[in-house]
$ cat entry24.tsv   # TSV, C-alpha atoms
chain	number	residue	atom	x	y	z
A	23	MET	CA	0.00	0.00	0.00
A	24	SER	CA	1.35	3.40	-0.98
A	25	ALA	CA	1.89	6.17	1.57
A	26	THR	CA	-0.91	8.16	-0.05
A	27	SER	CA	-3.33	5.26	0.13
A	28	PHE	CA	-2.37	4.63	3.75
A	29	ARG	CA	-3.06	8.27	4.66
A	30	MET	CA	-6.43	8.09	2.92
A	31	LEU	CA	-7.31	4.92	4.83
A	32	ILE	CA	-6.38	6.49	8.14
A	33	LYS	CA	-8.47	9.57	7.30
A	34	ALA	CA	-11.45	7.40	6.34
A	35	LEU	CA	-11.16	5.42	9.55
A	36	ALA	CA	-11.00	8.64	11.59
A	37	ILE	CA	-14.08	10.02	9.87
A	38	GLY	CA	-15.89	6.73	10.38
A	39	THR	CA	-14.98	6.69	14.07
A	40	ALA	CA	-16.23	10.26	14.51
A	41	LEU	CA	-19.50	9.47	12.73
A	42	THR	CA	-19.97	6.35	14.88
A	43	ALA	CA	-19.38	8.35	18.06
A	44	THR	CA	-21.84	11.02	16.97
A	45	ALA	CA	-24.44	8.39	16.10
A	46	GLY	CA	-23.90	6.83	19.52
A	47	VAL	CA	-24.57	10.14	21.27
A	48	GLN	CA	-27.68	10.71	19.16
A	49	ALA	CA	-28.90	7.18	19.87
A	50	GLN	CA	-28.27	7.69	23.56
A	51	GLY	CA	-30.27	10.90	23.40
A	52	TYR	CA	-31.92	12.59	26.36
A	53	PRO	CA	-31.54	12.05	29.24
A	54	SER	CA	-27.92	11.00	29.32
A	55	GLU	CA	-26.87	12.23	32.77
A	56	PRO	CA	-28.38	12.37	36.28
A	57	ILE	CA	-31.45	14.57	36.75
A	58	ASN	CA	-31.55	16.94	39.71
A	59	TYR	CA	-34.86	16.57	41.53
A	60	VAL	CA	-35.44	19.53	43.87
A	61	ILE	CA	-37.98	19.12	46.69
A	62	PRO	CA	-39.12	22.56	47.97
A	63	PHE	CA	-40.10	21.12	51.37
A	64	ASN	CA	-38.42	19.49	54.35
A	65	PRO	CA	-37.31	15.86	54.20
A	66	GLY	CA	-39.85	13.38	55.52
A	67	GLY	CA	-43.04	14.74	53.97
A	68	GLU	CA	-45.15	13.26	51.17
A	69	SER	CA	-43.18	15.04	48.44
A	70	ASP	CA	-39.99	13.49	49.76
A	71	VAL	CA	-41.47	10.01	50.27
A	72	SER	CA	-42.88	9.78	46.74
A	73	ALA	CA	-39.65	11.19	45.28
A	74	ARG	CA	-37.69	8.46	47.05
A	75	PHE	CA	-40.02	5.83	45.60
A	76	GLN	CA	-39.54	7.36	42.13
A	77	GLN	CA	-35.79	7.52	42.62
A	78	ALA	CA	-35.69	3.78	43.33
A	79	VAL	CA	-36.94	2.92	39.82
A	80	SER	CA	-35.82	5.96	37.78
A	81	GLU	CA	-32.57	4.42	36.55
A	82	GLN	CA	-34.38	1.31	35.36
A	83	VAL	CA	-37.03	3.38	33.57
A	84	ALA	CA	-35.05	6.39	32.32
A	85	GLY	CA	-31.51	5.02	32.20
A	86	VAL	CA	-30.25	7.75	34.55
A	87	LYS	CA	-30.37	8.45	38.26
A	88	MET	CA	-32.42	11.11	40.00
A	89	VAL	CA	-30.45	13.13	42.55
A	90	ILE	CA	-32.75	14.50	45.26
A	91	GLN	CA	-32.03	17.89	46.78
A	92	TYR	CA	-34.01	20.06	49.22
A	93	MET	CA	-34.90	23.74	49.16
A	94	PRO	CA	-37.51	24.16	51.94
A	95	GLY	CA	-39.09	27.41	52.98
A	96	ALA	CA	-42.31	29.42	52.85
A	97	GLY	CA	-44.47	26.39	52.13
A	98	GLY	CA	-42.72	25.70	48.83
A	99	ALA	CA	-42.57	29.33	47.70
A	100	LYS	CA	-38.83	29.65	48.30
A	101	GLY	CA	-38.12	26.95	45.73
A	102	TRP	CA	-40.81	27.90	43.24
A	103	SER	CA	-39.64	31.52	43.23
A	104	LYS	CA	-36.18	30.34	42.15
A	105	LEU	CA	-37.23	27.69	39.63
A	106	ASN	CA	-37.08	29.88	36.52
A	107	SER	CA	-33.57	31.07	37.38
A	108	MET	CA	-32.31	27.48	37.24
A	109	PRO	CA	-30.81	25.90	34.11
A	110	GLY	CA	-33.41	24.94	31.52
A	111	ASP	CA	-31.32	22.08	30.19
A	112	GLY	CA	-33.76	19.31	31.06
A	113	TYR	CA	-31.65	18.13	33.97
A	114	THR	CA	-33.36	20.19	36.67
A	115	MET	CA	-36.92	19.60	37.83
A	116	MET	CA	-38.78	20.54	40.98
A	117	GLY	CA	-41.68	19.10	42.92
A	118	ILE	CA	-44.82	21.21	42.57
A	119	ASN	CA	-48.03	21.11	44.60
A	120	LEU	CA	-51.65	22.11	44.27
A	121	PRO	CA	-53.37	24.07	45.67
A	122	HIS	CA	-50.25	25.72	47.19
A	123	SER	CA	-48.91	27.07	43.91
A	124	VAL	CA	-52.26	28.62	42.96
A	125	LEU	CA	-53.35	30.04	46.31
A	126	GLN	CA	-50.00	31.45	47.50
A	127	PRO	CA	-49.59	34.05	44.71
A	128	MET	CA	-53.23	35.08	45.07
A	129	GLN	CA	-52.62	36.04	48.69
A	130	LYS	CA	-49.44	38.11	48.34
A	131	ASP	CA	-46.22	38.52	46.41
A	132	VAL	CA	-44.33	35.28	46.99
A	133	GLY	CA	-41.76	35.72	44.24
A	134	TYR	CA	-43.59	33.78	41.54
A	135	LYS	CA	-46.89	33.68	39.67
A	136	SER	CA	-48.81	30.45	39.24
A	137	GLU	CA	-48.86	30.76	35.46
A	138	ASP	CA	-45.05	31.16	35.41
A	139	LEU	CA	-44.51	27.61	36.68
A	140	ALA	CA	-44.07	25.11	33.85
A	141	ALA	CA	-45.69	21.95	35.22
A	142	VAL	CA	-45.04	18.86	33.12
A	143	HIS	CA	-46.85	16.12	35.05
A	144	TYR	CA	-49.06	15.49	38.10
A	145	PHE	CA	-48.60	11.94	39.33
A	146	HIS	CA	-50.53	11.53	42.62
A	147	TYR	CA	-52.68	13.16	45.24
A	148	THR	CA	-53.01	12.63	48.97
A	149	PRO	CA	-56.36	13.19	50.71
A	150	ASP	CA	-56.53	15.54	53.67
A	151	ALA	CA	-57.23	13.92	57.05
A	152	ILE	CA	-57.58	14.88	60.71
A	153	PHE	CA	-55.19	13.35	63.23
A	154	VAL	CA	-54.93	13.48	67.01
A	155	GLN	CA	-52.39	12.02	69.39
A	156	LYS	CA	-53.10	8.42	70.46
A	157	ASP	CA	-53.83	9.57	74.03
A	158	SER	CA	-56.07	12.45	72.95
A	159	PRO	CA	-59.46	12.62	74.70
A	160	PHE	CA	-61.08	12.98	71.23
A	161	LYS	CA	-61.91	9.55	69.86
A	162	THR	CA	-64.15	10.67	67.01
A	163	LEU	CA	-64.57	13.62	64.70
A	164	GLY	CA	-67.90	14.34	66.34
A	165	GLU	CA	-66.26	14.76	69.75
A	166	LEU	CA	-63.64	17.14	68.34
A	167	ILE	CA	-66.26	19.24	66.57
A	168	GLU	CA	-68.43	19.42	69.68
A	169	HIS	CA	-65.45	20.68	71.67
A	170	ALA	CA	-64.74	23.28	68.96
A	171	ARG	CA	-68.33	24.51	69.18
A	172	LYS	CA	-68.00	25.03	72.91
A	173	THR	CA	-64.59	26.70	72.74
A	174	PRO	CA	-64.33	28.82	69.56
A	175	GLY	CA	-60.74	29.16	68.37
A	176	ALA	CA	-59.32	26.85	71.03
A	177	VAL	CA	-58.97	23.81	68.76
A	178	THR	CA	-55.68	24.22	66.91
A	179	PHE	CA	-54.76	22.33	63.75
A	180	SER	CA	-51.20	21.97	62.50
A	181	GLY	CA	-50.81	21.80	58.74
A	182	SER	CA	-48.33	21.95	55.89
A	183	SER	CA	-47.93	25.66	55.11
A	184	SER	CA	-50.40	28.49	54.64
A	185	TYR	CA	-52.81	28.43	51.71
A	186	SER	CA	-52.21	24.73	51.16
A	187	SER	CA	-54.64	21.86	50.81
A	188	ASN	CA	-54.49	21.34	54.60
A	189	HIS	CA	-55.34	25.00	55.19
A	190	LEU	CA	-58.19	24.92	52.68
A	191	ALA	CA	-59.62	21.75	54.27
A	192	GLN	CA	-59.56	23.34	57.74
A	193	ALA	CA	-61.42	26.40	56.45
A	194	ARG	CA	-63.97	24.26	54.64
A	195	LEU	CA	-64.64	22.15	57.73
A	196	ASP	CA	-65.15	25.27	59.83
A	197	ASP	CA	-67.71	26.42	57.28
A	198	LEU	CA	-69.48	23.06	56.96
A	199	ALA	CA	-69.60	22.36	60.71
A	200	GLY	CA	-70.32	25.93	61.82
A	201	ILE	CA	-67.27	26.06	64.06
A	202	LYS	CA	-64.18	28.24	64.51
A	203	THR	CA	-60.79	26.56	64.78
A	204	THR	CA	-57.23	27.88	64.47
A	205	TYR	CA	-54.84	26.78	61.73
A	206	ILE	CA	-51.11	26.82	62.51
A	207	PRO	CA	-48.91	26.47	59.40
A	208	PHE	CA	-45.58	24.65	59.36
A	209	SER	CA	-42.94	24.49	56.62
A	210	GLY	CA	-43.92	20.97	55.57
A	211	THR	CA	-45.69	17.77	56.56
A	212	GLY	CA	-42.81	16.54	58.72
A	213	PRO	CA	-42.84	19.52	61.12
A	214	ALA	CA	-46.66	19.62	61.09
A	215	ILE	CA	-46.85	15.99	62.21
A	216	ALA	CA	-44.16	16.64	64.84
A	217	ALA	CA	-46.44	19.34	66.26
A	218	VAL	CA	-49.23	16.80	66.70
A	219	LEU	CA	-46.91	14.22	68.25
A	220	GLY	CA	-45.38	16.84	70.54
A	221	LYS	CA	-48.84	18.08	71.61
A	222	GLN	CA	-48.10	21.58	70.38
A	223	THR	CA	-51.51	21.53	68.70
A	224	VAL	CA	-54.81	19.86	69.61
A	225	ALA	CA	-54.91	18.08	66.25
A	226	GLY	CA	-53.47	18.08	62.76
A	227	PHE	CA	-55.11	18.64	59.40
A	228	ASN	CA	-52.50	16.68	57.52
A	229	PHE	CA	-52.45	14.05	54.77
A	230	ALA	CA	-53.72	10.48	55.06
A	231	THR	CA	-50.26	9.13	54.18
A	232	SER	CA	-48.94	10.32	57.53
A	233	ALA	CA	-50.78	7.44	59.18
A	234	ILE	CA	-48.35	4.92	57.72
A	235	ALA	CA	-45.23	6.04	59.56
A	236	HIS	CA	-47.01	7.14	62.74
A	237	ALA	CA	-49.74	4.53	63.22
A	238	GLU	CA	-48.53	3.78	66.74
A	239	ASP	CA	-48.64	7.39	67.87
A	240	MET	CA	-51.60	9.02	66.12
A	241	ARG	CA	-55.25	8.32	65.41
A	242	MET	CA	-56.95	9.36	62.17
A	243	LEU	CA	-60.50	10.63	62.80
A	244	ALA	CA	-61.65	11.19	59.19
A	245	VAL	CA	-60.28	11.30	55.65
A	246	ALA	CA	-61.30	13.56	52.75
A	247	SER	CA	-61.42	10.85	50.08
A	248	GLU	CA	-64.37	9.85	47.90
A	249	GLN	CA	-64.46	6.40	49.51
A	250	ARG	CA	-62.68	4.69	52.36
A	251	MET	CA	-59.07	4.10	51.43
A	252	PRO	CA	-57.83	0.49	51.12
A	253	ALA	CA	-54.84	1.32	53.33
A	254	PHE	CA	-57.16	2.64	56.08
A	255	PRO	CA	-60.40	0.63	55.88
A	256	ASP	CA	-61.50	1.55	59.43
A	257	VAL	CA	-61.26	5.32	58.94
A	258	PRO	CA	-64.54	6.99	57.91
A	259	THR	CA	-64.71	9.62	55.20
A	260	PHE	CA	-65.96	13.10	56.02
A	261	ARG	CA	-68.91	12.44	53.75
A	262	GLU	CA	-69.89	9.39	55.80
A	263	LEU	CA	-69.93	11.65	58.84
A	264	GLY	CA	-72.16	14.24	57.20
A	265	TYR	CA	-69.59	16.76	55.88
A	266	ASP	CA	-69.16	17.12	52.12
A	267	LEU	CA	-65.40	17.50	52.30
A	268	VAL	CA	-63.35	15.81	49.60
A	269	GLY	CA	-59.90	17.03	48.62
A	270	GLY	CA	-56.18	16.83	49.03
A	271	ALA	CA	-52.84	17.85	47.60
A	272	TYR	CA	-51.84	17.09	44.04
A	273	ARG	CA	-48.13	16.58	43.51
A	274	GLY	CA	-46.20	16.74	40.31
A	275	LEU	CA	-43.13	18.11	38.59
A	276	ALA	CA	-42.26	21.47	37.05
A	277	VAL	CA	-39.24	22.62	35.09
A	278	PRO	CA	-37.62	26.00	34.44
A	279	ALA	CA	-39.56	27.96	31.83
A	280	SER	CA	-36.56	27.86	29.48
A	281	THR	CA	-36.70	24.06	29.22
A	282	PRO	CA	-37.38	22.94	25.61
A	283	GLU	CA	-40.75	21.38	24.77
A	284	GLU	CA	-39.16	18.09	23.71
A	285	GLN	CA	-37.52	17.64	27.09
A	286	ARG	CA	-40.70	18.58	28.96
A	287	GLN	CA	-42.56	15.90	27.01
A	288	LYS	CA	-39.83	13.34	27.65
A	289	LEU	CA	-39.88	14.00	31.40
A	290	SER	CA	-43.64	13.50	31.42
A	291	GLU	CA	-43.20	10.19	29.59
A	292	ILE	CA	-40.60	9.11	32.16
A	293	VAL	CA	-42.95	9.89	35.04
A	294	SER	CA	-45.76	7.95	33.34
A	295	ALA	CA	-43.45	4.98	32.96
A	296	ILE	CA	-42.48	5.17	36.63
A	297	ASN	CA	-46.17	5.32	37.59
A	298	ALA	CA	-46.77	2.14	35.58
A	299	ASP	CA	-44.02	0.19	37.34
A	300	PRO	CA	-45.74	-2.52	39.44
A	301	GLY	CA	-43.33	-2.22	42.36
A	302	PHE	CA	-43.70	1.55	42.46
A	303	ARG	CA	-47.50	1.34	42.28
A	304	LYS	CA	-47.62	-1.09	45.19
A	305	LYS	CA	-45.41	1.08	47.37
A	306	MET	CA	-47.49	4.16	46.62
A	307	GLU	CA	-50.86	2.52	47.19
A	308	ASP	CA	-49.68	0.76	50.36
A	309	GLY	CA	-48.44	4.15	51.54
A	310	GLY	CA	-51.84	5.80	51.14
A	311	PHE	CA	-51.15	7.69	47.91
A	312	VAL	CA	-53.71	7.88	45.09
A	313	LEU	CA	-51.93	7.67	41.73
A	314	THR	CA	-52.87	9.98	38.86
A	315	ASP	CA	-51.38	10.38	35.40
A	316	VAL	CA	-51.92	13.97	34.29
A	317	THR	CA	-49.49	14.10	31.38
A	318	TYR	CA	-47.93	17.15	29.74
A	319	ASP	CA	-50.44	17.27	26.91
A	320	LYS	CA	-53.30	17.42	29.43
A	321	MET	CA	-51.69	20.15	31.52
A	322	PRO	CA	-53.42	23.26	30.06
A	323	ALA	CA	-56.94	21.91	30.65
A	324	PHE	CA	-56.05	20.44	34.05
A	325	MET	CA	-54.49	23.65	35.34
A	326	ALA	CA	-57.35	25.79	34.04
A	327	ALA	CA	-59.86	23.63	35.91
A	328	LYS	CA	-57.82	23.68	39.12
A	329	ARG	CA	-57.29	27.45	39.03
A	330	LYS	CA	-61.05	27.92	38.64
A	331	GLU	CA	-61.79	25.53	41.53
A	332	TYR	CA	-59.28	27.11	43.92
A	333	THR	CA	-60.21	30.66	43.01
A	334	GLU	CA	-63.81	29.91	43.93
A	335	LEU	CA	-62.69	28.52	47.29
A	336	ALA	CA	-60.15	31.23	48.06
A	337	ASP	CA	-62.62	33.47	49.87
A	338	LYS	CA	-62.92	30.81	52.58
A	339	LEU	CA	-59.33	31.67	53.47
A	340	GLY	CA	-59.91	35.40	53.16
A	341	ILE	CA	-57.83	35.58	49.98
A	342	LYS	CA	-58.58	38.27	47.46
A	343	SER	CA	-56.86	37.90	44.10
A	344	ASN	CA	-54.20	40.53	43.44
$ encode --input "entry24.tsv" --output "C-alpha cells"
Amino acid sequence: MSATSFRMLIKALAIGTALTATAGVQAQGYPSEPINYVIPFNPGGESDVSARFQQAVSEQVAGVKMVIQYMPGAGGAKGWSKLNSMPGDGYTMMGINLPHSVLQPMQKDVGYKSEDLAAVHYFHYTPDAIFVQKDSPFKTLGELIEHARKTPGAVTFSGSSSYSSNHLAQARLDDLAGIKTTYIPFSGTGPAIAAVLGKQTVAGFNFATSAIAHAEDMRMLAVASEQRMPAFPDVPTFRELGYDLVGGAYRGLAVPASTPEEQRQKLSEIVSAINADPGFRKKMEDGGFVLTDVTYDKMPAFMAAKRKEYTELADKLGIKSN
C-alpha cells in the first residue's frame, strides 16, 4: 500500500470513528446524565417520600439516576420563586403542589406567579385527614367538633404551610360544621406531624399518608377521600360523617420555563413509565397515595380547571386575588 493510500485509509477510519461516536450520542439521546430533583419542602413529607419511591426505579425506567435535593421554605414558595432562574437544560426539575402554587400568589407577592410555573406532570394526590395524638381525649370527629363549638378558636390544627390543601380543608370544615378553629402552618408535613406528636396543637389537618409512619402514635379521625381508602379501611370519610369535604394535595413536577418542549414531554413520559411500574404502584398505594397520570399534553386543561376551583374557594381563606 502506498503512503498516499495509507493516509487516505487512516483519514477514512477517523471520519468513520467520529461518525460512529456522533451516532452513539444521538442514539443515547436525552436524558444522558443524572437529573436533579429539587424538593421545595423538608425531608420526611409526602413530596420526599414519593420522590424516594420514584428515585428507586428511575434508573431502570429512564436510564439515569435522579439526585434528590431540598430547598424548603415558605411552604414551597422559596423553591418555586427560584425555579425559573435554574438551568433549563432538562436536567433540573422541581416538585410542585396544588393548591399551594395557585393560592399562594393570590394572597401576596411570593416571588412567583402560578402561570409562570411550567408543570409537566401530576402523578398523585393525597387526601386531607384529621389526626390526634393516640392519648387524645377525642376519639371521634364528632367529639372534636363538639369541643370546637363550645370553645371557639381553642382547637388548633397543625398543617403543611399556609394556603395549602391542609389549610383549605380546615377552612372548609369550619364552614361546613359551623365552628371556629385555628390553623397553625408549618414548613412541611414533617414539622406539622411533629407538632401533633409533641402536643403543640390539639390536632393536625394533615395528609392520610402520615398514618403509615405514625400509626402507633396518632389516630386518624376522618379522611377527605371519595371512599374509604384500602390502606385505612376503618377510617370513615368526612362524607360518611355528614360533611361534604373531599380534597387533598396534588403533587407533580415542574421545570424552568426555558426548558425545551421536547424535554418537557420526555420528562412526562418518564414519570408515566415510573407510575406504571408494578413495584412503584404497590409502594405508593400501600403508603396511602392515590396515583394519577396527568401528562404534559393534558396540563393546560387540568391547570385551568384547578385554578377555577381554587379561586372559587379562596374566599374561605380570606384571599382576594391581586
$ residues_around --input "entry24.tsv" --residues "Thr178 of chain A" --least-positions-apart "3" --cutoff "12 Å" --atoms "only C-alpha atoms" --output "MDAnalysis selection string"
chainID A and resid 152:154 166:167 169:170 173:175 181 189 192 196 202:207 214 217:218 221:227
$ write_last_selection --input "entry24.tsv" --atoms "C-alpha atoms" --output "compact mmCIF listing (two decimals), in the coordinates of the input"
# COMPACT_ATOMS: atom_id res chain seq x y z
CA ILE A 152 -57.58 14.88 60.71
CA PHE A 153 -55.19 13.35 63.23
CA VAL A 154 -54.93 13.48 67.01
CA LEU A 166 -63.64 17.14 68.34
CA ILE A 167 -66.26 19.24 66.57
CA HIS A 169 -65.45 20.68 71.67
CA ALA A 170 -64.74 23.28 68.96
CA THR A 173 -64.59 26.70 72.74
CA PRO A 174 -64.33 28.82 69.56
CA GLY A 175 -60.74 29.16 68.37
CA GLY A 181 -50.81 21.80 58.74
CA HIS A 189 -55.34 25.00 55.19
CA GLN A 192 -59.56 23.34 57.74
CA ASP A 196 -65.15 25.27 59.83
CA LYS A 202 -64.18 28.24 64.51
CA THR A 203 -60.79 26.56 64.78
CA THR A 204 -57.23 27.88 64.47
CA TYR A 205 -54.84 26.78 61.73
CA ILE A 206 -51.11 26.82 62.51
CA PRO A 207 -48.91 26.47 59.40
CA ALA A 214 -46.66 19.62 61.09
CA ALA A 217 -46.44 19.34 66.26
CA VAL A 218 -49.23 16.80 66.70
CA LYS A 221 -48.84 18.08 71.61
CA GLN A 222 -48.10 21.58 70.38
CA THR A 223 -51.51 21.53 68.70
CA VAL A 224 -54.81 19.86 69.61
CA ALA A 225 -54.91 18.08 66.25
CA GLY A 226 -53.47 18.08 62.76
CA PHE A 227 -55.11 18.64 59.40
$ atom_distance --input "entry24.tsv" --atom1 "atom CA of His122 of chain A" --atom2 "atom CA of Ser182 of chain A"
9.7 Å
$ closest_residue --input "entry24.tsv" --among "A:Leu195, A:Ala295, A:Leu120, A:Leu243" --to "Glu81 of chain A" --atoms "all atoms listed in the file"
A:Ala295
$ closest_residue --input "entry24.tsv" --among "A:Leu335, A:Val124, A:Val245, A:Met306" --to "Asp197 of chain A" --atoms "all atoms listed in the file"
A:Leu335
$ atom_distance --input "entry24.tsv" --atom1 "atom CA of Ala230 of chain A" --atom2 "atom CA of Phe254 of chain A"
8.6 Å
$ closest_residue --input "entry24.tsv" --among "A:Asn297, A:Thr281, A:Thr259, A:Thr114" --to "Ile90 of chain A" --atoms "only C-alpha atoms"
A:Thr114
$ atom_distance --input "entry24.tsv" --atom1 "atom CA of Val277 of chain A" --atom2 "atom CA of His143 of chain A"
10.0 Å
$ closest_residue --input "entry24.tsv" --among "A:Pro121, A:Asp319, A:Ala176, A:Ser183" --to "Thr148 of chain A" --atoms "all atoms listed in the file"
A:Pro121
$ closest_residue --input "entry24.tsv" --among "A:Leu190, A:Arg273, A:Val142, A:Ala246" --to "Tyr318 of chain A" --atoms "all atoms listed in the file"
A:Val142
$ build_atoms --input "entry24.tsv" --residues "segment 223-245 of chain A" --atoms "N, CA and C atoms" --output "mmCIF file, keeping the file's coordinate frame"
data_model
loop_
_atom_site.group_PDB
_atom_site.id
_atom_site.type_symbol
_atom_site.label_atom_id
_atom_site.label_comp_id
_atom_site.auth_asym_id
_atom_site.auth_seq_id
_atom_site.Cartn_x
_atom_site.Cartn_y
_atom_site.Cartn_z
ATOM 1 N N THR A 223 -50.178 21.194 69.194
ATOM 2 C CA THR A 223 -51.510 21.530 68.700
ATOM 3 C C THR A 223 -52.501 20.458 69.184
ATOM 4 N N VAL A 224 -53.772 20.817 69.195
ATOM 5 C CA VAL A 224 -54.810 19.860 69.610
ATOM 6 C C VAL A 224 -54.911 18.722 68.599
ATOM 7 N N ALA A 225 -54.773 19.065 67.321
ATOM 8 C CA ALA A 225 -54.910 18.080 66.250
ATOM 9 C C ALA A 225 -54.088 18.525 65.051
ATOM 10 N N GLY A 226 -54.146 17.728 63.999
ATOM 11 C CA GLY A 226 -53.470 18.080 62.760
ATOM 12 C C GLY A 226 -54.402 17.877 61.582
ATOM 13 N N PHE A 227 -54.437 18.845 60.681
ATOM 14 C CA PHE A 227 -55.110 18.640 59.400
ATOM 15 C C PHE A 227 -53.982 18.356 58.430
ATOM 16 N N ASN A 228 -53.656 17.085 58.292
ATOM 17 C CA ASN A 228 -52.500 16.680 57.520
ATOM 18 C C ASN A 228 -52.952 15.782 56.362
ATOM 19 N N PHE A 229 -52.095 14.928 55.868
ATOM 20 C CA PHE A 229 -52.450 14.050 54.770
ATOM 21 C C PHE A 229 -52.558 12.606 55.250
ATOM 22 N N ALA A 230 -53.446 11.842 54.619
ATOM 23 C CA ALA A 230 -53.720 10.480 55.060
ATOM 24 C C ALA A 230 -52.456 9.626 55.102
ATOM 25 N N THR A 231 -51.496 9.902 54.223
ATOM 26 C CA THR A 231 -50.260 9.130 54.180
ATOM 27 C C THR A 231 -49.477 9.162 55.483
ATOM 28 N N SER A 232 -49.686 10.195 56.274
ATOM 29 C CA SER A 232 -48.940 10.320 57.530
ATOM 30 C C SER A 232 -49.263 9.188 58.502
ATOM 31 N N ALA A 233 -50.390 8.520 58.275
ATOM 32 C CA ALA A 233 -50.780 7.440 59.180
ATOM 33 C C ALA A 233 -49.880 6.217 59.051
ATOM 34 N N ILE A 234 -49.189 6.092 57.932
ATOM 35 C CA ILE A 234 -48.350 4.920 57.720
ATOM 36 C C ILE A 234 -47.174 4.902 58.688
ATOM 37 N N ALA A 235 -46.442 5.988 58.740
ATOM 38 C CA ALA A 235 -45.230 6.040 59.560
ATOM 39 C C ALA A 235 -45.529 6.248 61.037
ATOM 40 N N HIS A 236 -46.730 6.765 61.353
ATOM 41 C CA HIS A 236 -47.010 7.140 62.740
ATOM 42 C C HIS A 236 -48.252 6.449 63.293
ATOM 43 N N ALA A 237 -48.531 5.253 62.804
ATOM 44 C CA ALA A 237 -49.740 4.530 63.220
ATOM 45 C C ALA A 237 -49.761 4.244 64.712
ATOM 46 N N GLU A 238 -48.594 4.101 65.316
ATOM 47 C CA GLU A 238 -48.530 3.780 66.740
ATOM 48 C C GLU A 238 -48.767 5.003 67.622
ATOM 49 N N ASP A 239 -48.624 6.180 67.052
ATOM 50 C CA ASP A 239 -48.640 7.390 67.870
ATOM 51 C C ASP A 239 -49.794 8.340 67.592
ATOM 52 N N MET A 240 -50.513 8.111 66.472
ATOM 53 C CA MET A 240 -51.600 9.020 66.120
ATOM 54 C C MET A 240 -52.853 8.224 65.738
ATOM 55 N N ARG A 241 -53.979 8.906 65.805
ATOM 56 C CA ARG A 241 -55.250 8.320 65.410
ATOM 57 C C ARG A 241 -55.884 9.218 64.343
ATOM 58 N N MET A 242 -56.296 8.608 63.235
ATOM 59 C CA MET A 242 -56.950 9.360 62.170
ATOM 60 C C MET A 242 -58.455 9.332 62.424
ATOM 61 N N LEU A 243 -59.068 10.532 62.484
ATOM 62 C CA LEU A 243 -60.500 10.630 62.800
ATOM 63 C C LEU A 243 -61.371 10.608 61.551
ATOM 64 N N ALA A 244 -60.874 11.148 60.433
ATOM 65 C CA ALA A 244 -61.650 11.190 59.190
ATOM 66 C C ALA A 244 -60.713 11.514 58.039
ATOM 67 N N VAL A 245 -61.103 11.079 56.838
ATOM 68 C CA VAL A 245 -60.280 11.300 55.650
ATOM 69 C C VAL A 245 -61.138 11.901 54.537
#
